[in-house]
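What follows is a single structure, written as structure tokens, with notes after it.
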Amino acid sequence: ENQQSLLLESAARFPPPKGVRLSYGTAGFRADASLLESTVFRVGILAALRSLKTGSVIGLMITASHNKVSDNGIKVADPSGGMLTQDWEPFSDAIANAPDPHSLLQLITEFVKKEEIGFEGRQPAAEVLLGRDTRPSGEALLEAAKQGITSIIGAIGTDMGVVTTPQLHWMVRARNGGLEASESSYFHQLSTSFRCLMDLKPEGISKNGNDATLLVDGADGVGGEKLEQFKKMLAGLCIEVRNRGDGILNEGVGADYVQKEKVAPRSFGSADTGLRCASLDGDADRLVYFSVLSNENNKIELVDGDKILSLFALFIKEQLSILNEGEDKKGNDSYQARLGVVQTAYANGASTDYLKEMGLEVVLTPTGVKYLHEKAAEFDIGIYFEANGHGTILFSEAFLCWLETSHKTLLSTSEGSVKQKAASRLLAVSQLINQAVGDALSGLLLVEVILKYMGWSIHRWNELYHDLPSRQLKVKVVDRTAVVTANAETVTVQPIGIQEAMNAEIAKYPRGRCFIRPSGTEDVIRVYAEATTQDAADALASSVARLVD
Ligand code: NG1
Ligand code: ZN
């Protein structure tokens, strides 16, 4: 009874905006910040229930990532630090759109019954870690989320303050693994494993052009601020952070802008020609690299998520082959680790070819981190990246266990030192790279360490393969759900007949590839096209966009 009246009473303080329907898309709820108070309050309730149900700490992150500063959003981190389980998404949609406190209460009561969520036991019964990016609307929304959490009796919300999205996910994972969940423990783990990898680079390598300062575009968001703080702990790496929050968040800056527009962000120009640059997005879960081309109005050489993935795959594969060298096939102590990579249809065709030529298993999933992450977790080492720069490397428990044991036994053998170093490197990578979600800061450190290891400049790295020219367009439509796709979004099954019409366009261009899909974060249909020349990719994209319109 107490619980019910508490919920009714607090829900009355957060009436939903009229005539707006929100849905938990590829990245949680996202909308103009002024529309979100009630949604965020309700997601607070959901997070508290999720914590009760799982008996673990849950995370809530308030951010709209690369979207404009007046937008905001909220997403839930599950106990592992990953995205909210998909079977709770319908409930999430339902409560966000409940018209009044009574219907909200009814939905909650039914759900609690169905999920058999118990209210007794631990103290506190539920805990939710809250974080937000630098958006001015974040503070009030965080308060609304907190009120949602505390409207479930026995639940508490712990404010982690302004953090990057991956920091918050990392903290949730750490807490549930019995570790300390603070920013300083995060920085400590990253800097320790970074130093370890730096110490393990092969003798004699270091002079090949990448000792120069790394220039970082902080998107005027939280990532730049954090990196500025963190860089002091990173011996052997010189970083200059620009766009640290003096300009407008995500306006002409950030990984999304750089990747989609293929131009240099604000504060970067011809004076930086040829230098190694990186760009974070607004909440620092995406990372791309670039290098300014001389005298060509802000044109850049883009090194996107596909190429980061390729660099990581190359390095990991090399360490695995060092470890397996000379092991007989019967394999006393050897372990045939399954290394796999996961991409989406947005991956440049040239990257997929390159990875397959390396002999790797390549899997495609639909767009959305939750799908990529889930697939990558099926491998001993699963590397996933979206072309836009979101990705990470997942290690299986079984493989890490084997790695630790063999790391110890290798200490005492003669061939040990080389193999032992490879084992140490892989262990350090598993500590450095965020196991919960894609993380621009940890990804950046791993890129830097691998470039040092290889003795490569950003240009050498970019030469791994040549991207096929591509074009992305968005088309505003009345009802984006009219487009239904299959086979990891590579085929359009509805509207009927559109795929045949697309095929006829695609057939006009050598190496032509094109697909469409409804966006999960914006009210648009996205068109992607690829071909051997930029003109051809542009023409293919616009003719398919006309079919959609
Ligand atoms: P949508 O709007 O569903 O295309 C975009 C990105 C995704 C992912 C989400 C979450 C593209 C083409 N799509 O999703 O990859 O990052 O945002 O931020 O970049
Ligand atoms: Zn982001």
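Residue names in the structure tokens use chain letters A, B, ... in the order shown, residue numbers from 1 in each chain, and ligand numbers from 1 in the order shown.
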
Margin query: Set the distance at 9 Å and use only C-alpha atoms: which residues neighbour Leu35 in chain A once local chain neighbours fewer than 2 positions away are removed? I'd like the list as JSON, numbers by chain.
Written below: {"A": [16, 17, 20, 31, 32, 33, 37, 38, 39]}

Requested in this report: Check which residues fall inside 7 Å of ligand 1 when counting only C-alpha atoms and all ligand atoms, and print them as an NGL selection string.
Outcome: :A and (26-27 or 65 or 346 or 367-369 or 386 or 388 or 390 or 518-522 or 526)

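Restricting the atom set to only C-alpha atoms and all ligand atoms, one finds that the residues within 6 Å of ligand 2 amount to Ser65, His66, Asp281, Gly282, Asp283, Ala284, Asp285 and Arg286 of chain A.
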
Taking C-alpha atoms for each residue, export the selection above as a tab-separated table (two decimals), in the first residue's frame.
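Just written: part-v4.tsv:
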chain	number	residue	atom	x	y	z
A	65	SER	CA	25.81	11.39	-27.28
A	66	HIS	CA	26.61	13.11	-30.60
A	281	ASP	CA	31.98	12.07	-29.61
A	282	GLY	CA	29.88	13.96	-27.04
A	283	ASP	CA	29.84	11.19	-24.44
A	284	ALA	CA	33.18	9.63	-25.42
A	285	ASP	CA	31.97	6.22	-26.51
A	286	ARG	CA	33.04	6.75	-30.11

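Separating CA of Asn298 in chain A from CA of Leu275 in chain A is a distance of 13.3 Å.
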
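Between Leu410 in chain A and the residues A:Gly218, A:Thr213, A:Glu301, A:Leu323, the shortest atom-to-atom distance, using only C-alpha atoms, involves A:Leu323.
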
re CA of Gly55 in chain A and CA of Ile156 in chain A: distance 13.2 Å

Applying 9 Å and only C-alpha atoms, which residues near Gly391 in chain A remain after dropping the ones on its own chain fewer than 4 positions away? List them as a list of chain:residue names. A:Asp285, A:Arg286, A:Leu287, A:Gly305, A:Ile308, A:Leu309, A:Val369, A:Leu372, A:His373, A:Ile383, A:Tyr384, A:Phe385, A:Glu386, A:Ala387, A:Val437, A:Gly438, A:Asp439, A:Ala440, A:Gly443

From a backbone DSSP assignment, name each residue in range 133-325 of chain A labelled helix (DSSP H, G or I), as a PyMOL selection string.
chain A and resi 138-150+165-176+183-199+222-233+255-261+270-272+305-324
